[in-house]
$ cat upload_28.pdb   # PDB, C-alpha atoms, pLDDT in the B column
MODEL        1
ATOM      1  CA  MET A   1     218.746   2.529 -50.182  1.00 68.00           C
ATOM      2  CA  THR A   2     219.608  -1.117 -49.869  1.00 81.00           C
ATOM      3  CA  ASP A   3     217.248  -3.849 -48.878  1.00 82.00           C
ATOM      4  CA  GLU A   4     219.022  -4.180 -45.513  1.00 84.00           C
ATOM      5  CA  GLU A   5     218.668  -0.448 -44.793  1.00 83.00           C
ATOM      6  CA  GLY A   6     214.971  -0.609 -45.678  1.00 83.00           C
ATOM      7  CA  LYS A   7     214.424  -3.425 -43.189  1.00 88.00           C
ATOM      8  CA  ASP A   8     216.298  -1.470 -40.516  1.00 88.00           C
ATOM      9  CA  CYS A   9     214.168   1.611 -41.191  1.00 92.00           C
ATOM     10  CA  LYS A  10     210.969  -0.422 -40.985  1.00 92.00           C
ATOM     11  CA  ALA A  11     212.107  -2.042 -37.738  1.00 93.00           C
ATOM     12  CA  LEU A  12     213.005   1.355 -36.322  1.00 93.00           C
ATOM     13  CA  LEU A  13     209.645   2.752 -37.437  1.00 94.00           C
ATOM     14  CA  GLU A  14     207.762  -0.125 -35.769  1.00 95.00           C
ATOM     15  CA  SER A  15     209.803   0.339 -32.616  1.00 94.00           C
ATOM     16  CA  ILE A  16     208.939   4.053 -32.545  1.00 96.00           C
ATOM     17  CA  ARG A  17     205.251   3.274 -33.136  1.00 96.00           C
ATOM     18  CA  GLY A  18     205.300   0.775 -30.271  1.00 96.00           C
ATOM     19  CA  GLU A  19     206.919   3.313 -27.961  1.00 96.00           C
ATOM     20  CA  MET A  20     204.344   5.924 -28.960  1.00 97.00           C
ATOM     21  CA  LYS A  21     201.480   3.523 -28.207  1.00 97.00           C
ATOM     22  CA  LEU A  22     203.007   2.721 -24.823  1.00 97.00           C
ATOM     23  CA  THR A  23     203.480   6.412 -24.079  1.00 97.00           C
ATOM     24  CA  ARG A  24     199.875   7.151 -25.042  1.00 97.00           C
ATOM     25  CA  ARG A  25     198.624   4.383 -22.732  1.00 97.00           C
ATOM     26  CA  GLU A  26     200.738   5.723 -19.872  1.00 97.00           C
ATOM     27  CA  LEU A  27     199.475   9.264 -20.464  1.00 97.00           C
ATOM     28  CA  GLU A  28     195.881   8.020 -20.528  1.00 98.00           C
ATOM     29  CA  HIS A  29     196.446   6.171 -17.256  1.00 98.00           C
ATOM     30  CA  ILE A  30     197.991   9.276 -15.675  1.00 97.00           C
ATOM     31  CA  ARG A  31     195.044  11.372 -16.893  1.00 97.00           C
ATOM     32  CA  GLU A  32     192.527   8.932 -15.383  1.00 97.00           C
ATOM     33  CA  LEU A  33     194.378   8.929 -12.054  1.00 97.00           C
ATOM     34  CA  SER A  34     194.536  12.715 -12.073  1.00 97.00           C
ATOM     35  CA  GLU A  35     190.796  12.965 -12.705  1.00 97.00           C
ATOM     36  CA  GLN A  36     190.096  10.551  -9.844  1.00 97.00           C
ATOM     37  CA  ARG A  37     192.336  12.513  -7.494  1.00 97.00           C
ATOM     38  CA  LEU A  38     190.753  15.794  -8.527  1.00 97.00           C
ATOM     39  CA  SER A  39     187.278  14.371  -7.905  1.00 96.00           C
ATOM     40  CA  ALA A  40     188.347  13.152  -4.476  1.00 96.00           C
ATOM     41  CA  ILE A  41     189.809  16.558  -3.604  1.00 96.00           C
ATOM     42  CA  GLU A  42     186.654  18.347  -4.793  1.00 95.00           C
ATOM     43  CA  LYS A  43     184.516  16.027  -2.661  1.00 95.00           C
ATOM     44  CA  ILE A  44     186.700  16.699   0.380  1.00 95.00           C
ATOM     45  CA  CYS A  45     186.445  20.464  -0.207  1.00 93.00           C
ATOM     46  CA  GLU A  46     182.660  20.289  -0.497  1.00 92.00           C
ATOM     47  CA  ASP A  47     182.524  18.276   2.734  1.00 93.00           C
ATOM     48  CA  HIS A  48     184.675  20.849   4.525  1.00 92.00           C
ATOM     49  CA  GLU A  49     182.507  23.691   3.229  1.00 91.00           C
ATOM     50  CA  ALA A  50     179.372  21.945   4.477  1.00 91.00           C
ATOM     51  CA  ARG A  51     180.954  21.353   7.879  1.00 89.00           C
ATOM     52  CA  LEU A  52     182.029  24.987   8.128  1.00 89.00           C
ATOM     53  CA  ARG A  53     178.515  26.140   7.255  1.00 89.00           C
ATOM     54  CA  ASP A  54     177.023  23.827   9.891  1.00 87.00           C
ATOM     55  CA  VAL A  55     179.455  25.053  12.526  1.00 86.00           C
ATOM     56  CA  SER A  56     178.835  28.680  11.570  1.00 87.00           C
ATOM     57  CA  THR A  57     175.076  28.147  11.824  1.00 87.00           C
ATOM     58  CA  GLY A  58     175.476  26.471  15.217  1.00 84.00           C
ATOM     59  CA  VAL A  59     177.627  29.298  16.543  1.00 83.00           C
ATOM     60  CA  THR A  60     175.146  31.881  15.289  1.00 85.00           C
ATOM     61  CA  GLN A  61     172.253  30.062  16.969  1.00 82.00           C
ATOM     62  CA  PHE A  62     174.234  29.702  20.191  1.00 81.00           C
ATOM     63  CA  ARG A  63     175.047  33.411  20.217  1.00 82.00           C
ATOM     64  CA  PHE A  64     171.414  34.270  19.580  1.00 78.00           C
ATOM     65  CA  TRP A  65     170.115  32.087  22.403  1.00 74.00           C
ATOM     66  CA  SER A  66     172.907  33.237  24.671  1.00 77.00           C
ATOM     67  CA  SER A  67     171.939  36.860  24.014  1.00 75.00           C
ATOM     68  CA  VAL A  68     168.264  36.086  24.541  1.00 70.00           C
ATOM     69  CA  THR A  69     168.879  34.350  27.864  1.00 74.00           C
ATOM     70  CA  SER A  70     171.311  37.043  28.963  1.00 72.00           C
ATOM     71  CA  GLY A  71     168.779  39.699  28.025  1.00 67.00           C
ATOM     72  CA  GLY A  72     166.094  37.741  29.862  1.00 69.00           C
ATOM     73  CA  SER A  73     168.159  37.604  33.047  1.00 74.00           C
ATOM     74  CA  THR A  74     168.827  41.323  32.757  1.00 74.00           C
ATOM     75  CA  ALA A  75     165.103  41.977  32.443  1.00 74.00           C
ATOM     76  CA  MET A  76     164.427  39.754  35.455  1.00 74.00           C
ATOM     77  CA  SER A  77     167.061  41.637  37.468  1.00 75.00           C
ATOM     78  CA  LEU A  78     165.417  44.949  36.587  1.00 72.00           C
ATOM     79  CA  LEU A  79     162.006  43.595  37.567  1.00 75.00           C
ATOM     80  CA  ALA A  80     163.412  42.362  40.889  1.00 78.00           C
ATOM     81  CA  LEU A  81     164.935  45.784  41.513  1.00 76.00           C
ATOM     82  CA  LEU A  82     161.652  47.547  40.713  1.00 78.00           C
ATOM     83  CA  LYS A  83     159.775  45.085  42.899  1.00 76.00           C
ATOM     84  CA  SER A  84     162.133  45.784  45.806  1.00 79.00           C
ATOM     85  CA  PHE A  85     161.375  49.523  45.546  1.00 80.00           C
ATOM     86  CA  ILE A  86     157.620  49.035  45.134  1.00 83.00           C
ATOM     87  CA  VAL A  87     157.128  46.438  47.899  1.00 69.00           C
ATOM     88  CA  LYS A  88     158.725  48.573  50.605  1.00 56.00           C
TER      89      LYS A  88
ENDMDL
END
$ encode --input "upload_28.pdb" --output "structure tokens"
Amino acid sequence: MTDEEGKDCKALLESIRGEMKLTRRELEHIRELSEQRLSAIEKICEDHEARLRDVSTGVTQFRFWSSVTSGGSTAMSLLALLKSFIVK
């Protein structure tokens, strides 16, 4: 190997090392962005789950109170009917 070829090989080696460093930096940057995006998506999912739970709880409470008031009006109707038979 001549002196000129050795210099070319060293230059090529340094160029490859530089490209590898650049590629590693880019991959690290992509990884950091991906982690940030994943964290944001997880936070959004948790928020949606909490909202769904709140809505589900509200609907359940509404149904309960609706049933109670409906049952109460039914009981009042029966009492009114009994009263109309008894009062006569």
$ atom_distance --input "upload_28.pdb" --atom1 "atom CA of A:Glu28" --atom2 "atom CA of A:Glu14"
21.0 Å
$ axis_aligned_box --input "upload_28.pdb" --around "stretch 31-45 of chain A" --padding-each-side "4 Å" --output "AutoDock Vina command-line options"
--center_x 189.8 --center_y 14.7 --center_z -8.3 --size_x 18.5 --size_y 19.5 --size_z 25.3
$ atom_distance --input "upload_28.pdb" --atom1 "atom CA of A:Ser70" --atom2 "atom CA of A:Leu82"
18.5 Å
$ atom_distance --input "upload_28.pdb" --atom1 "atom CA of A:Arg24" --atom2 "atom CA of A:Leu38"
20.8 Å
$ build_atoms --input "upload_28.pdb" --residues "stretch 18-29 of chain A" --atoms "N, CA and C atoms" --output "PDB file, keeping the file's coordinate frame"
ATOM      1  N   GLY A  18     205.569   1.498 -31.510  1.00 96.00           N
ATOM      2  CA  GLY A  18     205.300   0.775 -30.271  1.00 96.00           C
ATOM      3  C   GLY A  18     205.529   1.653 -29.045  1.00 96.00           C
ATOM      4  N   GLU A  19     206.616   2.399 -29.067  1.00 96.00           N
ATOM      5  CA  GLU A  19     206.919   3.313 -27.961  1.00 96.00           C
ATOM      6  C   GLU A  19     205.858   4.399 -27.836  1.00 96.00           C
ATOM      7  N   MET A  20     205.377   4.891 -28.978  1.00 97.00           N
ATOM      8  CA  MET A  20     204.344   5.924 -28.960  1.00 97.00           C
ATOM      9  C   MET A  20     203.038   5.383 -28.377  1.00 97.00           C
ATOM     10  N   LYS A  21     202.691   4.138 -28.756  1.00 97.00           N
ATOM     11  CA  LYS A  21     201.480   3.523 -28.207  1.00 97.00           C
ATOM     12  C   LYS A  21     201.603   3.355 -26.699  1.00 97.00           C
ATOM     13  N   LEU A  22     202.769   2.898 -26.251  1.00 97.00           N
ATOM     14  CA  LEU A  22     203.007   2.721 -24.823  1.00 97.00           C
ATOM     15  C   LEU A  22     202.923   4.058 -24.089  1.00 97.00           C
ATOM     16  N   THR A  23     203.514   5.080 -24.681  1.00 97.00           N
ATOM     17  CA  THR A  23     203.480   6.412 -24.079  1.00 97.00           C
ATOM     18  C   THR A  23     202.046   6.936 -24.004  1.00 97.00           C
ATOM     19  N   ARG A  24     201.270   6.718 -25.048  1.00 97.00           N
ATOM     20  CA  ARG A  24     199.875   7.151 -25.042  1.00 97.00           C
ATOM     21  C   ARG A  24     199.080   6.445 -23.940  1.00 97.00           C
ATOM     22  N   ARG A  25     199.315   5.131 -23.792  1.00 97.00           N
ATOM     23  CA  ARG A  25     198.624   4.383 -22.732  1.00 97.00           C
ATOM     24  C   ARG A  25     198.994   4.915 -21.353  1.00 97.00           C
ATOM     25  N   GLU A  26     200.289   5.183 -21.151  1.00 97.00           N
ATOM     26  CA  GLU A  26     200.738   5.723 -19.872  1.00 97.00           C
ATOM     27  C   GLU A  26     200.125   7.093 -19.600  1.00 97.00           C
ATOM     28  N   LEU A  27     200.076   7.935 -20.623  1.00 97.00           N
ATOM     29  CA  LEU A  27     199.475   9.264 -20.464  1.00 97.00           C
ATOM     30  C   LEU A  27     197.983   9.162 -20.147  1.00 97.00           C
ATOM     31  N   GLU A  28     197.305   8.225 -20.789  1.00 98.00           N
ATOM     32  CA  GLU A  28     195.881   8.020 -20.528  1.00 98.00           C
ATOM     33  C   GLU A  28     195.676   7.560 -19.088  1.00 98.00           C
ATOM     34  N   HIS A  29     196.535   6.663 -18.633  1.00 98.00           N
ATOM     35  CA  HIS A  29     196.446   6.171 -17.256  1.00 98.00           C
ATOM     36  C   HIS A  29     196.691   7.315 -16.267  1.00 98.00           C
TER      37      HIS A  29
END
